[in-house]
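Pasting my_file-v3.txt here (compact mmCIF, C-alpha atoms and all ligand atoms):
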```txt
# COMPACT_ATOMS: atom_id res chain seq x y z
CA MET A 123 -9.27 -34.80 -10.39
CA LYS A 124 -12.48 -34.54 -8.47
CA ARG A 125 -10.61 -34.14 -5.26
CA ARG A 126 -8.58 -31.28 -6.60
CA TYR A 127 -11.77 -29.55 -7.74
CA LEU A 128 -13.22 -29.85 -4.26
CA MET A 129 -10.10 -28.40 -2.78
CA LEU A 130 -10.34 -25.40 -5.05
CA LEU A 131 -13.98 -24.96 -4.14
CA SER A 132 -13.19 -24.97 -0.47
CA LEU A 133 -10.71 -22.15 -0.99
CA LEU A 134 -13.20 -19.98 -2.80
CA PRO A 135 -15.29 -18.59 0.07
CA LEU A 136 -12.18 -17.93 2.07
CA GLY A 137 -10.76 -15.86 -0.76
CA LEU A 138 -13.97 -13.89 -1.03
CA HIS A 139 -14.11 -13.08 2.66
CA ALA A 140 -10.45 -12.13 2.84
CA ALA A 141 -10.98 -9.33 0.33
CA PRO A 142 -14.12 -7.33 1.12
CA ALA A 143 -15.10 -5.02 -1.69
CA VAL A 144 -13.54 -1.58 -1.18
CA ASP A 145 -14.57 1.21 -3.49
CA THR A 146 -11.13 2.68 -4.06
CA THR A 147 -12.40 4.96 -6.83
CA GLN A 148 -14.69 6.68 -4.34
CA LEU A 149 -11.92 6.84 -1.72
CA GLN A 150 -9.50 8.28 -4.24
CA SER A 151 -11.87 11.07 -5.22
CA GLU A 152 -12.53 11.88 -1.55
CA ALA A 153 -8.75 12.09 -1.00
CA GLN A 154 -8.24 14.24 -4.08
CA ALA A 155 -10.96 16.65 -2.98
CA LEU A 156 -9.18 17.31 0.32
CA ILE A 157 -5.91 18.36 -1.31
CA PRO A 158 -6.70 21.70 -3.06
CA PRO A 159 -8.03 23.52 0.05
CA PHE A 160 -5.06 22.21 2.09
CA GLN A 161 -2.59 23.31 -0.58
CA HIS A 162 -4.35 26.63 -0.97
CA GLN A 163 -4.16 27.44 2.71
CA LEU A 164 -0.47 26.53 2.89
CA LEU A 165 0.31 28.84 -0.03
CA ALA A 166 -1.92 31.64 1.28
CA THR A 167 -0.22 31.45 4.67
CA VAL A 168 3.26 31.68 3.13
CA LYS A 169 2.21 34.57 0.87
CA GLN A 170 0.64 36.52 3.69
CA ALA A 171 3.67 36.04 5.92
CA VAL A 172 6.05 37.12 3.12
CA ALA A 173 3.90 40.22 2.56
CA GLU A 174 3.92 41.05 6.26
CA GLY A 175 7.52 40.40 7.13
CA GLY A 176 9.44 38.92 4.21
CA PRO A 177 10.72 35.37 3.77
CA ALA A 178 12.09 35.20 7.32
CA LYS A 179 8.60 35.75 8.70
CA ALA A 180 7.32 33.11 6.30
CA VAL A 181 9.77 30.51 7.59
CA GLU A 182 8.56 31.26 11.11
CA ALA A 183 4.98 30.95 9.88
CA CYS A 184 5.65 27.60 8.16
CA ASN A 185 7.39 26.34 11.24
CA LEU A 186 4.58 27.40 13.54
CA LEU A 187 1.57 26.87 11.33
CA ALA A 188 2.21 24.01 8.87
CA PRO A 189 1.42 21.20 11.33
CA GLY A 190 -1.75 22.99 12.48
CA ILE A 191 -2.91 23.56 8.91
CA ALA A 192 -2.52 19.83 8.22
CA ALA A 193 -4.51 19.01 11.36
CA GLN A 194 -7.21 21.50 10.38
CA HIS A 195 -7.64 19.88 6.96
CA SER A 196 -7.77 16.39 8.40
CA LYS A 197 -11.48 15.66 8.47
CA ALA A 198 -12.24 12.47 10.36
CA PRO A 199 -11.64 9.77 9.31
CA TRP A 200 -9.10 11.36 6.94
CA GLN A 201 -5.65 12.49 7.92
CA VAL A 202 -3.74 14.76 5.54
CA GLY A 203 -0.08 15.70 5.50
CA ARG A 204 3.01 16.14 3.39
CA THR A 205 6.09 14.05 3.04
CA ALA A 206 9.19 13.82 0.84
CA LEU A 207 12.35 11.81 0.32
CA LYS A 208 14.29 14.91 1.41
CA VAL A 209 12.50 16.59 4.28
CA ARG A 210 12.96 19.85 6.08
CA ASN A 211 11.01 18.84 9.17
CA PRO A 212 11.91 15.31 10.35
CA ASP A 213 8.28 14.92 11.52
CA ASN A 214 7.39 14.75 7.81
CA ALA A 215 9.79 11.89 7.06
CA PRO A 216 8.17 9.10 5.03
CA ASP A 217 7.24 5.77 6.55
CA THR A 218 8.08 2.54 4.68
CA TRP A 219 5.04 2.66 2.40
CA GLU A 220 5.44 6.37 1.62
CA ARG A 221 9.13 5.91 0.89
CA ARG A 222 8.45 3.07 -1.53
CA VAL A 223 5.81 5.08 -3.43
CA LEU A 224 7.97 8.25 -3.43
CA GLU A 225 10.85 6.25 -4.90
CA GLN A 226 8.53 4.98 -7.63
CA PHE A 227 7.40 8.57 -8.28
CA ALA A 228 11.04 9.67 -8.53
CA GLN A 229 11.79 6.92 -11.05
CA ARG A 230 8.73 7.76 -13.12
CA ALA A 231 9.62 11.49 -13.04
CA ALA A 232 13.18 10.68 -14.11
CA ALA A 233 11.72 8.70 -17.01
CA GLY A 234 9.90 11.84 -18.13
CA GLU A 235 6.40 11.31 -16.77
CA PRO A 236 4.65 14.62 -15.92
CA LEU A 237 4.43 15.20 -12.15
CA GLU A 238 0.65 15.74 -12.34
CA GLN A 239 0.28 12.07 -13.25
CA LEU A 240 2.15 10.83 -10.19
CA ARG A 241 -0.54 9.68 -7.81
CA HIS A 242 -1.11 6.36 -6.16
CA GLY A 243 -3.79 4.94 -3.88
CA GLU A 244 -3.81 1.57 -2.19
CA VAL A 245 -5.32 -0.39 0.69
CA VAL A 246 -2.57 -1.06 3.22
CA ASN A 247 -3.18 -2.87 6.53
CA GLY A 248 -6.83 -1.90 6.85
CA GLU A 249 -6.28 1.67 5.72
CA TYR A 250 -6.73 3.43 2.42
CA ARG A 251 -3.61 5.45 1.64
CA TYR A 252 -3.08 7.97 -1.12
CA LEU A 253 0.00 9.85 -2.29
CA GLN A 254 0.03 12.69 -4.83
CA ALA A 255 3.21 14.32 -6.11
CA ILE A 256 4.10 17.95 -5.32
CA GLY A 257 6.27 19.73 -7.87
CA THR A 258 8.74 22.54 -7.23
CA ALA A 259 7.49 25.89 -8.56
CA GLU A 260 9.55 29.04 -8.93
CA ALA A 261 7.89 30.43 -5.82
CA CYS A 262 9.38 27.60 -3.75
CA LEU A 263 13.01 28.23 -4.68
CA GLY A 264 13.57 31.05 -2.20
CA CYS A 265 13.23 28.48 0.58
CA HIS A 266 13.96 25.15 -1.16
CA GLY A 267 16.35 26.16 -3.98
CA SER A 268 20.11 26.34 -4.11
CA ASN A 269 20.39 30.11 -3.71
CA ILE A 270 18.74 30.67 -0.35
CA LYS A 271 19.51 34.10 1.15
CA PRO A 272 22.04 33.99 4.02
CA GLN A 273 19.59 35.45 6.53
CA LEU A 274 17.09 32.76 5.65
CA LEU A 275 19.71 30.02 5.80
CA THR A 276 20.58 31.03 9.34
CA LEU A 277 16.95 30.82 10.30
CA LEU A 278 16.47 27.47 8.58
CA ASP A 279 19.57 26.06 10.28
CA GLN A 280 18.18 27.25 13.57
CA HIS A 281 14.73 25.67 13.17
CA TYR A 282 15.74 22.67 11.08
CA PRO A 283 19.28 21.54 11.90
CA GLN A 284 18.74 18.41 9.77
CA ASP A 285 17.19 20.26 6.79
CA GLN A 286 17.52 18.26 3.56
CA ALA A 287 14.93 20.18 1.57
CA ARG A 288 17.35 22.48 -0.27
CA GLY A 289 18.92 22.51 -3.70
CA PHE A 290 15.70 21.88 -5.63
CA LYS A 291 15.18 23.24 -9.14
CA GLU A 292 11.94 24.38 -10.74
CA GLY A 293 10.05 21.31 -12.00
CA ASP A 294 11.73 18.89 -9.59
CA LEU A 295 9.64 16.44 -7.63
CA ARG A 296 9.58 18.11 -4.21
CA GLY A 297 7.48 15.60 -2.28
CA ALA A 298 3.88 14.47 -1.99
CA PHE A 299 0.60 15.02 -0.25
CA SER A 300 -0.06 11.97 1.87
CA LEU A 301 -3.58 11.02 2.95
CA ARG A 302 -4.88 8.06 4.88
CA ARG A 303 -8.07 6.82 6.48
CA PRO A 304 -8.95 3.61 8.28
CA LEU A 305 -11.46 1.45 6.40
CA ASP A 306 -14.78 0.61 7.97
CA ARG A 307 -14.84 -2.84 9.44
C1 LIG B 401 9.03 30.91 3.15
C2 LIG B 401 9.76 29.71 2.95
C3 LIG B 401 9.09 28.59 2.19
C4 LIG B 401 8.53 28.63 0.95
C5 LIG B 401 8.39 29.83 0.01
C6 LIG B 401 8.12 27.27 0.65
N1 LIG B 401 8.41 26.43 1.69
FE1 LIG B 401 8.08 24.43 1.79
N2 LIG B 401 8.67 24.41 3.70
C7 LIG B 401 9.15 25.50 4.39
C8 LIG B 401 9.31 25.14 5.79
C9 LIG B 401 9.82 26.05 6.90
C10 LIG B 401 8.89 23.79 5.90
C11 LIG B 401 8.82 22.94 7.15
C12 LIG B 401 7.40 23.04 7.70
C13 LIG B 401 7.20 22.20 8.93
O1 LIG B 401 7.89 22.46 9.92
O2 LIG B 401 6.34 21.30 8.89
C14 LIG B 401 8.49 23.38 4.57
C15 LIG B 401 8.02 22.12 4.29
C16 LIG B 401 7.62 21.70 3.05
C17 LIG B 401 7.15 20.36 2.74
C18 LIG B 401 6.92 19.20 3.73
C19 LIG B 401 8.03 18.20 3.74
C20 LIG B 401 9.27 18.71 4.46
O3 LIG B 401 10.25 18.95 3.76
O4 LIG B 401 9.25 18.86 5.70
C21 LIG B 401 6.87 20.34 1.40
C22 LIG B 401 6.36 19.16 0.58
C23 LIG B 401 7.13 21.67 0.90
N3 LIG B 401 7.60 22.47 1.92
C24 LIG B 401 6.92 22.07 -0.40
C25 LIG B 401 6.98 23.40 -0.81
C26 LIG B 401 6.55 23.83 -2.13
C27 LIG B 401 6.04 22.90 -3.23
C28 LIG B 401 6.69 25.19 -2.16
C29 LIG B 401 6.34 26.13 -3.28
C30 LIG B 401 4.97 26.07 -3.75
C31 LIG B 401 7.22 25.60 -0.86
N4 LIG B 401 7.37 24.48 -0.08
C32 LIG B 401 7.52 26.90 -0.52
C33 LIG B 401 9.44 26.75 3.88
C34 LIG B 401 9.01 27.21 2.66
```
Can the structure from this file be put into structure tokens for me?
Amino acid sequence: MKRRYLMLLSLLPLGLHAAPAVDTTQLQSEAQALIPPFQHQLLATVKQAVAEGGPAKAVEACNLLAPGIAAQHSKAPWQVGRTALKVRNPDNAPDTWERRVLEQFAQRAAAGEPLEQLRHGEVVNGEYRYLQAIGTAEACLGCHGSNIKPQLLTLLDQHYPQDQARGFKEGDLRGAFSLRRPLDR
């Protein structure tokens, strides 16, 4: 009995050191604060390009500018981006952790949970990672719906021969914002 107690005691400090306190609430609000300006600039860029040269111009703009916009909104030590189970640009394909969380989001959405509630943060291998669902709005259908104009389809095929990000309906889970930052040692 006594021996067992001692054994438990000896495990205690180890357990404490293995899990340093991480303020995930603080990290989550930092992550959440980075999303609206990123999202806003993506939408503004698409809108401006559509106004200047129609949807075809906007596809070119997304193709050229989306990665740069993500880089611009990545404030050290944070990195922001977008991912999805069905991606247009293979560079946005989910890694193992993102895929697992996206699949959980998809299940929760299928069970009727509102997309705004689909968010998840977690410490993974010394990093804080955060995923927040992106819904499909009507404005997205011209490029991600099932009735994409032929001229646009040609362009999409040209830039994204492996495009999977089509056939979405309004209200569908389109993907997620994905943020990560290494934790301080
Ligand atoms: C003008 C066409 C166009 C419109 C409108 C548009 N997108 Fe996209 N979308 C694209 C292109 C092109 C890419 C690939 C960008 C890249 O190369 O990184 C993309 C990529 C994405 C990605 C990143 C994952 C992936 O598939 O590569 C998400 C998420 C996304 N779009 C969501 C949306 C949402 C939500 C809307 C509506 C609010 C929207 N898009 C409207 C053209 C469009």
request  = Pick out the residues no farther than 8 Å from ligand LIG 401 (chain B), counting all atoms listed in the file, and list them as JSON, numbers by chain.
outcome  = {"A": [165, 168, 169, 171, 172, 177, 178, 179, 180, 181, 182, 183, 184, 185, 186, 187, 188, 189, 204, 205, 206, 208, 209, 210, 211, 212, 213, 214, 215, 256, 257, 258, 259, 260, 261, 262, 263, 264, 265, 266, 278, 281, 282, 285, 286, 287, 296, 297, 298, 299]}
key: Residue among A:Leu253, A:Ala166, A:Leu295, A:Ala193 lying closest to Arg222 (chain A), counting all atoms listed in the file   = A:Leu253
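The two atoms in question, CA of Gly243 (chain A) and CA of Leu164 (chain A), are spaced 22.9 Å apart.
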query = Can you tell me how far CA of Ala228 (chain A) sits from CA of His162 (chain A), in Å to one decimal?
reply =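 Interatomic distance here is 24.1 Å.
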Test item: residues at most 8 Å from Phe160 (chain A), all atoms listed in the file, excluding those fewer than 5 positions along its chain, as JSON, numbers by chain = {"A": [191, 192, 195]}
Selection export as a PDB file, in the frame of the given file, atoms kept: C-alpha atoms:
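Output contents, as saved in part.pdb:
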```pdb
ATOM      1  CA  ILE A 191      -2.910  23.560   8.910  1.00  0.00           C
ATOM      2  CA  ALA A 192      -2.520  19.830   8.220  1.00  0.00           C
ATOM      3  CA  HIS A 195      -7.640  19.880   6.960  1.00  0.00           C
TER       4      HIS A 195
END
```
key: Of the listed residues A:Gly293, A:Val223, A:Thr147, A:Arg251, that which approaches Pro236 (chain A) most closely, counting all atoms listed in the file   = A:Gly293
query = Could you work out how far CA of Ala232 (chain A) lies from CA of Ser300 (chain A), giving the answer in Å with one decimal?
reply = 20.8 Å
task = Determine the nearest neighbour of Leu301 (chain A) from the options A:Thr218, A:Ser268, A:Gln254, A:Gln239, counting only C-alpha atoms.
result =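 Ranking A:Thr218, A:Ser268, A:Gln254, A:Gln239 by distance to Leu301 (chain A), first place goes to A:Gln254.
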query = From the set A:Gly190, A:Tyr250, A:Leu240, A:Gln273, which residue has the shortest atom-to-atom contact distance to Val144 (chain A), counting only C-alpha atoms?
reply = A:Tyr250
Mind filling out region 233-251 of chain A with N, CA and C atoms and sending it as a PDB file, in the frame of the given file?
```
ATOM      1  N   ALA A 233      11.990   9.272 -15.691  1.00  0.00           N
ATOM      2  CA  ALA A 233      11.720   8.700 -17.010  1.00  0.00           C
ATOM      3  C   ALA A 233      10.879   9.640 -17.873  1.00  0.00           C
ATOM      4  N   GLY A 234      10.566  10.816 -17.331  1.00  0.00           N
ATOM      5  CA  GLY A 234       9.900  11.840 -18.130  1.00  0.00           C
ATOM      6  C   GLY A 234       8.405  11.963 -17.929  1.00  0.00           C
ATOM      7  N   GLU A 235       7.843  11.221 -16.990  1.00  0.00           N
ATOM      8  CA  GLU A 235       6.400  11.310 -16.770  1.00  0.00           C
ATOM      9  C   GLU A 235       6.062  12.638 -16.084  1.00  0.00           C
ATOM     10  N   PRO A 236       5.007  13.351 -16.554  1.00  0.00           N
ATOM     11  CA  PRO A 236       4.650  14.620 -15.920  1.00  0.00           C
ATOM     12  C   PRO A 236       4.259  14.412 -14.451  1.00  0.00           C
ATOM     13  N   LEU A 237       4.666  15.352 -13.586  1.00  0.00           N
ATOM     14  CA  LEU A 237       4.430  15.200 -12.150  1.00  0.00           C
ATOM     15  C   LEU A 237       2.942  15.100 -11.822  1.00  0.00           C
ATOM     16  N   GLU A 238       2.094  15.764 -12.633  1.00  0.00           N
ATOM     17  CA  GLU A 238       0.650  15.740 -12.340  1.00  0.00           C
ATOM     18  C   GLU A 238       0.088  14.310 -12.422  1.00  0.00           C
ATOM     19  N   GLN A 239       0.779  13.447 -13.117  1.00  0.00           N
ATOM     20  CA  GLN A 239       0.280  12.070 -13.250  1.00  0.00           C
ATOM     21  C   GLN A 239       0.730  11.171 -12.106  1.00  0.00           C
ATOM     22  N   LEU A 240       1.598  11.680 -11.252  1.00  0.00           N
ATOM     23  CA  LEU A 240       2.150  10.830 -10.190  1.00  0.00           C
ATOM     24  C   LEU A 240       1.227  10.850  -8.992  1.00  0.00           C
ATOM     25  N   ARG A 241       0.390   9.830  -8.922  1.00  0.00           N
ATOM     26  CA  ARG A 241      -0.540   9.680  -7.810  1.00  0.00           C
ATOM     27  C   ARG A 241      -0.768   8.182  -7.628  1.00  0.00           C
ATOM     28  N   HIS A 242      -0.956   7.787  -6.383  1.00  0.00           N
ATOM     29  CA  HIS A 242      -1.110   6.360  -6.160  1.00  0.00           C
ATOM     30  C   HIS A 242      -1.928   6.108  -4.894  1.00  0.00           C
ATOM     31  N   GLY A 243      -2.972   5.303  -5.017  1.00  0.00           N
ATOM     32  CA  GLY A 243      -3.790   4.940  -3.880  1.00  0.00           C
ATOM     33  C   GLY A 243      -3.798   3.435  -3.699  1.00  0.00           C
ATOM     34  N   GLU A 244      -3.921   3.004  -2.460  1.00  0.00           N
ATOM     35  CA  GLU A 244      -3.810   1.570  -2.190  1.00  0.00           C
ATOM     36  C   GLU A 244      -4.373   1.256  -0.807  1.00  0.00           C
ATOM     37  N   VAL A 245      -4.907   0.051  -0.640  1.00  0.00           N
ATOM     38  CA  VAL A 245      -5.320  -0.390   0.690  1.00  0.00           C
ATOM     39  C   VAL A 245      -4.121  -1.064   1.344  1.00  0.00           C
ATOM     40  N   VAL A 246      -3.732  -0.533   2.509  1.00  0.00           N
ATOM     41  CA  VAL A 246      -2.570  -1.060   3.220  1.00  0.00           C
ATOM     42  C   VAL A 246      -2.961  -1.302   4.678  1.00  0.00           C
ATOM     43  N   ASN A 247      -2.893  -2.536   5.130  1.00  0.00           N
ATOM     44  CA  ASN A 247      -3.180  -2.870   6.530  1.00  0.00           C
ATOM     45  C   ASN A 247      -4.451  -2.222   7.065  1.00  0.00           C
ATOM     46  N   GLY A 248      -5.551  -2.401   6.360  1.00  0.00           N
ATOM     47  CA  GLY A 248      -6.830  -1.900   6.850  1.00  0.00           C
ATOM     48  C   GLY A 248      -7.036  -0.408   6.708  1.00  0.00           C
ATOM     49  N   GLU A 249      -6.138   0.236   5.954  1.00  0.00           N
ATOM     50  CA  GLU A 249      -6.280   1.670   5.720  1.00  0.00           C
ATOM     51  C   GLU A 249      -6.242   1.924   4.222  1.00  0.00           C
ATOM     52  N   TYR A 250      -6.935   2.976   3.781  1.00  0.00           N
ATOM     53  CA  TYR A 250      -6.730   3.430   2.420  1.00  0.00           C
ATOM     54  C   TYR A 250      -5.692   4.546   2.484  1.00  0.00           C
ATOM     55  N   ARG A 251      -4.662   4.443   1.644  1.00  0.00           N
ATOM     56  CA  ARG A 251      -3.610   5.450   1.640  1.00  0.00           C
ATOM     57  C   ARG A 251      -3.437   6.009   0.239  1.00  0.00           C
TER      58      ARG A 251
END
```
